[in-house]
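Asker: I am attaching a structure below and will ask some questions about it afterwards.
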Amino acid sequence: MRTRNFDWWRQRVRGLREIFHVFRIDHVLGFYRIYAFPWRPERNEEFLRLSWAEMCDRTGGREPQFAPRDDSTAENSAANQREGEEYLRVVLEESGAMRVTGEDLGTVPDYVRPSLRSLGIAGFKIPQWENFPDNRSIPGRQYERLSVCTFATHDHKPLRALWEEAFEKKTATTAQARQDLVKIAEFSGIAAVNGAMDFAKDFFPAIFAALFRSESWIAIVMITDLLARKDRFNVPGTAAKSNWTRRLHTTVVRLAGGRVLRRQLRLVRALLEKSGRTSSSRA
């Protein structure tokens, strides 16, 4: 692509520019280096049950690894950073007035987030994962301004589903669900969270007030969380037929006629106005 001045990427970004004011690069870490497997995804079941030696025997010695190189040395890290920034500058050149954000979640090399900030690309803040070294939650007021704050992405369980798993329906991951809610509560200034609380009255308003108060440039609420739904868009690592097929449970017109939802949306609007994130609150 470099020999063609990255025309494929430039064309895609120009297409986005016709539709959006802001867009997100999913898995932006892949611009710096990406983990690759020497077999096609449809063969995962065959390979993942093997030992490392058995796997190498079937691949002729080829191993899963980062491409174009790992971050095992300072020289490799510097080269990955340099090339990642080259690719991202192409995206920025074509973006014009459109703003770019990057999903920088997972195991993130130390150089990636400073690199994104230097380019003016906002990374993500998931409050339940933003902790000091001693595991205390980082307050939203200490988030970098150039960031996007949200409790969930398309790969996560909606908050209402977490609540159900933590307090209403015991599963193999109930403990993790409770821990996530504890961290969200800590971020939001809730002294304790438990099943005796009312999700809609005691939890929902407090956590979104904290989200909107954060210093992040953008605060995002997924549609499922806005509507307090349990539907999930995607379960990573699975091939379920429900992945990427979810639709709203009813039409927008019918949603607008629901008294409970109208009350909920009025609450969100009030929280937004109080936080200063709406045009009317800045007037």
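Chains: A, B, ... in order of the structure tokens. Residues: from 1 per chain. Ligands: from 1, in order shown.
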For the interface of segment 8-57 of chain A with segment 106-130 of chain A (cut-off 12 Å, counting only C-alpha atoms), please tabulate each contacting residue of segment 8-57 of chain A alongside its nearest pair of atoms and their separation in Å to one decimal, rows sorted by chain and increasing number, as a Markdown table.
Answerer:
```
| residue | atom | partner | partner_atom | distance |
| --- | --- | --- | --- | --- |
| A:Val22 | CA | A:Ala122 | CA | 10.6 |
| A:Phe23 | CA | A:Ala122 | CA | 10.5 |
| A:Arg24 | CA | A:Ala122 | CA | 9.0 |
| A:Ile25 | CA | A:Ile121 | CA | 9.7 |
| A:Asp26 | CA | A:Gly123 | CA | 10.7 |
| A:His27 | CA | A:Gly106 | CA | 8.8 |
| A:Val28 | CA | A:Gly123 | CA | 9.1 |
| A:Leu29 | CA | A:Val108 | CA | 7.3 |
| A:Gly30 | CA | A:Val108 | CA | 10.6 |
| A:Phe31 | CA | A:Val112 | CA | 9.9 |
| A:Tyr32 | CA | A:Val112 | CA | 7.9 |
| A:Arg33 | CA | A:Pro109 | CA | 9.9 |
| A:Ile34 | CA | A:Val108 | CA | 11.5 |
| A:Tyr35 | CA | A:Thr107 | CA | 11.5 |
```
Asker: Convert the current residue selection to file output with N, CA and C atoms, as a short mmCIF file (atom, residue, chain, number, x, y, z; two decimals), in the first residue's frame.
Answerer:
```cif
data_model
loop_
_atom_site.label_atom_id
_atom_site.label_comp_id
_atom_site.auth_asym_id
_atom_site.auth_seq_id
_atom_site.Cartn_x
_atom_site.Cartn_y
_atom_site.Cartn_z
N VAL A 22 -17.29 12.09 13.74
CA VAL A 22 -16.29 11.41 14.56
C VAL A 22 -16.34 9.93 14.22
N PHE A 23 -15.20 9.27 14.12
CA PHE A 23 -15.23 7.82 13.95
C PHE A 23 -14.14 7.17 14.78
N ARG A 24 -14.34 5.90 15.06
CA ARG A 24 -13.41 5.15 15.90
C ARG A 24 -12.66 4.11 15.07
N ILE A 25 -11.36 4.00 15.30
CA ILE A 25 -10.58 2.91 14.73
C ILE A 25 -10.63 1.76 15.72
N ASP A 26 -11.26 0.68 15.33
CA ASP A 26 -11.35 -0.50 16.20
C ASP A 26 -9.98 -1.16 16.30
N HIS A 27 -9.61 -1.60 17.51
CA HIS A 27 -8.32 -2.28 17.72
C HIS A 27 -7.17 -1.47 17.11
N VAL A 28 -7.04 -0.23 17.54
CA VAL A 28 -6.02 0.64 16.96
C VAL A 28 -4.61 0.12 17.22
N LEU A 29 -4.44 -0.79 18.18
CA LEU A 29 -3.12 -1.39 18.43
C LEU A 29 -2.59 -2.07 17.18
N GLY A 30 -3.51 -2.54 16.31
CA GLY A 30 -3.08 -3.22 15.10
C GLY A 30 -2.36 -2.33 14.12
N PHE A 31 -2.46 -1.01 14.28
CA PHE A 31 -1.69 -0.11 13.42
C PHE A 31 -0.21 -0.15 13.80
N TYR A 32 0.09 -0.55 15.02
CA TYR A 32 1.46 -0.59 15.49
C TYR A 32 2.08 -1.99 15.32
N ARG A 33 1.34 -3.00 15.69
CA ARG A 33 1.73 -4.39 15.45
C ARG A 33 0.51 -5.25 15.73
N ILE A 34 0.45 -6.39 15.10
CA ILE A 34 -0.73 -7.23 15.22
C ILE A 34 -0.31 -8.68 15.40
N TYR A 35 -1.05 -9.40 16.26
CA TYR A 35 -0.72 -10.80 16.54
C TYR A 35 -1.32 -11.66 15.44
#
```
Asker: Using 8 Å as the limit and counting only C-alpha atoms, can you tabulate each residue of segment 65-141 of chain A that touches segment 13-21 of chain A, with its shortest atom-to-atom distance in Å and the two atoms involved, as a tab-separated table?
Answerer:
```
residue	atom	partner	partner_atom	distance
A:Val91	CA	A:Val13	CA	6.6
A:Glu94	CA	A:Val13	CA	6.1
A:Ser95	CA	A:Val13	CA	6.3
A:Gly96	CA	A:Arg17	CA	7.8
A:Ala97	CA	A:His21	CA	7.5
A:Met98	CA	A:His21	CA	4.7
A:Arg99	CA	A:His21	CA	6.3
```
Asker: Next, the residues of the selection above should be written as a tab-separated table (two decimals), in the first residue's frame with C-alpha atoms.
Answerer:
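Printed below is out_20.tsv as written:
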```tsv
chain	number	residue	atom	x	y	z
A	91	VAL	CA	-5.85	8.45	8.26
A	94	GLU	CA	-7.78	12.23	4.89
A	95	SER	CA	-10.04	12.92	7.88
A	96	GLY	CA	-10.26	16.66	7.35
A	97	ALA	CA	-12.55	18.17	9.99
A	98	MET	CA	-13.71	14.71	11.08
A	99	ARG	CA	-12.25	13.67	14.46
```
Asker: Write out as a ChimeraX atom specification all residues of segment 73-250 of chain A that DSSP puts in strand (DSSP E) for this structure's backbone.
Answerer: /A:99-102,123-125,147-150,218-220
Asker: Quick one, how far is atom CA of Ile184 of chain A from atom CA of Gly237 of chain A?
Answerer: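 Separation of atom CA of Ile184 of chain A and atom CA of Gly237 of chain A: 25.0 Å.
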Asker: Name the residues of segment 55-263 of chain A that fall into alpha helix (DSSP H) according to DSSP on the backbone, using the chain letters and numbers of this document, as a PyMOL selection string.
Answerer: chain A and resi 55-59+74-95+112-119+159-163+174-188+204-213+223-226+252-256+259-263
Asker: If we count only C-alpha atoms, what is near segment 210-216 of chain A at a cut-off of 9 Å, once residues fewer than 4 positions away on the same chain are taken out, given as JSON, numbers by chain?
Answerer: {"A": [125, 127, 139, 140, 141, 142, 143, 144, 145, 146, 147, 148, 149, 150, 151, 187, 188, 189, 205, 206, 220, 221, 271, 272, 274, 275, 276, 277]}
Asker: Convert the current residue selection to file output with C-alpha atoms, as a PDB file, in the first residue's frame.
Answerer:
```pdb
ATOM      1  CA  LYS A 125     -11.414   5.078  29.238  1.00  0.00           C
ATOM      2  CA  PRO A 127     -13.874   3.301  34.295  1.00  0.00           C
ATOM      3  CA  PRO A 139     -11.447   9.528  39.381  1.00  0.00           C
ATOM      4  CA  GLY A 140     -13.005  10.799  36.173  1.00  0.00           C
ATOM      5  CA  ARG A 141     -11.687  14.295  36.875  1.00  0.00           C
ATOM      6  CA  GLN A 142      -8.168  12.889  36.368  1.00  0.00           C
ATOM      7  CA  TYR A 143      -8.871  11.411  32.920  1.00  0.00           C
ATOM      8  CA  GLU A 144      -6.978  12.961  30.030  1.00  0.00           C
ATOM      9  CA  ARG A 145      -9.151  15.448  28.195  1.00  0.00           C
ATOM     10  CA  LEU A 146      -8.276  13.704  24.925  1.00  0.00           C
ATOM     11  CA  SER A 147     -10.199  10.516  25.709  1.00  0.00           C
ATOM     12  CA  VAL A 148     -13.525   8.756  25.254  1.00  0.00           C
ATOM     13  CA  CYS A 149     -15.228   7.551  28.432  1.00  0.00           C
ATOM     14  CA  THR A 150     -17.789   4.733  28.384  1.00  0.00           C
ATOM     15  CA  PHE A 151     -18.804   1.788  30.549  1.00  0.00           C
ATOM     16  CA  PHE A 187     -15.769   5.429  40.236  1.00  0.00           C
ATOM     17  CA  SER A 188     -19.246   6.888  40.723  1.00  0.00           C
ATOM     18  CA  GLY A 189     -18.939   7.634  44.428  1.00  0.00           C
ATOM     19  CA  PRO A 205     -28.507   7.901  37.812  1.00  0.00           C
ATOM     20  CA  ALA A 206     -25.324   7.903  39.904  1.00  0.00           C
ATOM     21  CA  ILE A 220     -20.658   7.591  25.363  1.00  0.00           C
ATOM     22  CA  VAL A 221     -23.679   5.584  26.479  1.00  0.00           C
ATOM     23  CA  LEU A 271     -27.696  14.763  33.922  1.00  0.00           C
ATOM     24  CA  LEU A 272     -26.173  15.933  30.634  1.00  0.00           C
ATOM     25  CA  LYS A 274     -25.980  19.511  34.741  1.00  0.00           C
ATOM     26  CA  SER A 275     -22.607  18.242  33.513  1.00  0.00           C
ATOM     27  CA  GLY A 276     -22.368  20.972  30.867  1.00  0.00           C
ATOM     28  CA  ARG A 277     -22.226  18.514  27.961  1.00  0.00           C
TER      29      ARG A 277
END
```
Asker: Just the number, please: distance in Å from atom CA of Ala192 of chain A to atom CA of Asp134 of chain A, one decimal.
Answerer: 19.0 Å
Asker: Extract, using only C-alpha atoms, all DNA, RNA and protein residues at most 12 Å from Thr238 of chain A, discarding same-chain residues fewer than 6 positions from it, and format them as an MDAnalysis selection string.
Answerer: chainID A and resid 41:42 44:45 155 244
Asker: Take the residues from that selection and write them out as a PDB file, in the first residue's frame, keeping C-alpha atoms.
Answerer:
```pdb
ATOM      1  CA  PRO A  41      -9.387 -18.994  11.676  1.00  0.00           C
ATOM      2  CA  GLU A  42     -11.616 -21.895  10.633  1.00  0.00           C
ATOM      3  CA  ASN A  44      -8.731 -22.806  15.360  1.00  0.00           C
ATOM      4  CA  GLU A  45     -10.470 -25.796  16.912  1.00  0.00           C
ATOM      5  CA  ASP A 155     -17.795  -6.495  22.998  1.00  0.00           C
ATOM      6  CA  TRP A 244     -23.829  -8.633  15.161  1.00  0.00           C
TER       7      TRP A 244
END
```
Asker: Kindly give the distance, in Å, that separates atom CA of Lys201 of chain A and atom CA of Arg262 of chain A, rounded to a single decimal.
Answerer: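 Result for atom CA of Lys201 of chain A versus atom CA of Arg262 of chain A: 14.6 Å, one decimal.
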Asker: Residues near segment 248-256 of chain A, anyone? I mean within 9 Å using only C-alpha atoms, not counting same-chain ones fewer than 4 positions away, as a list in words.
Answerer: Ile223, Thr224, Asp231, Leu261 and Arg262 of chain A
Asker: Name all residues at most 9 Å from Leu162 of chain A (count only C-alpha atoms; drop same-chain ones fewer than 4 positions away) and give them as a ChimeraX atom specification.
Answerer: /A:157-158,166-167,174,177-178,180-181,230
Asker: Set the distance at 12 Å and use only C-alpha atoms: which residues neighbour segment 59-67 of chain A once local chain neighbours fewer than 5 positions away are removed? I'd like the list as number ranges by chain.
Answerer: A: 29-40, 43, 46-48, 50-54, 72, 76-77, 79-80, 83-84
Asker: Between A:Ile138, A:Ala185, A:Ala209, A:Ala152, which is the closest to Asn234 of chain A once you count only C-alpha atoms?
Answerer: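 Among the listed residues, A:Ala152 lies closest to Asn234 of chain A.
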Asker: Find the residue from A:Lys170, A:Trp163, A:Asp7, A:Gln179 that sits nearest to Asn135 of chain A; use only C-alpha atoms when measuring.
Answerer: A:Gln179
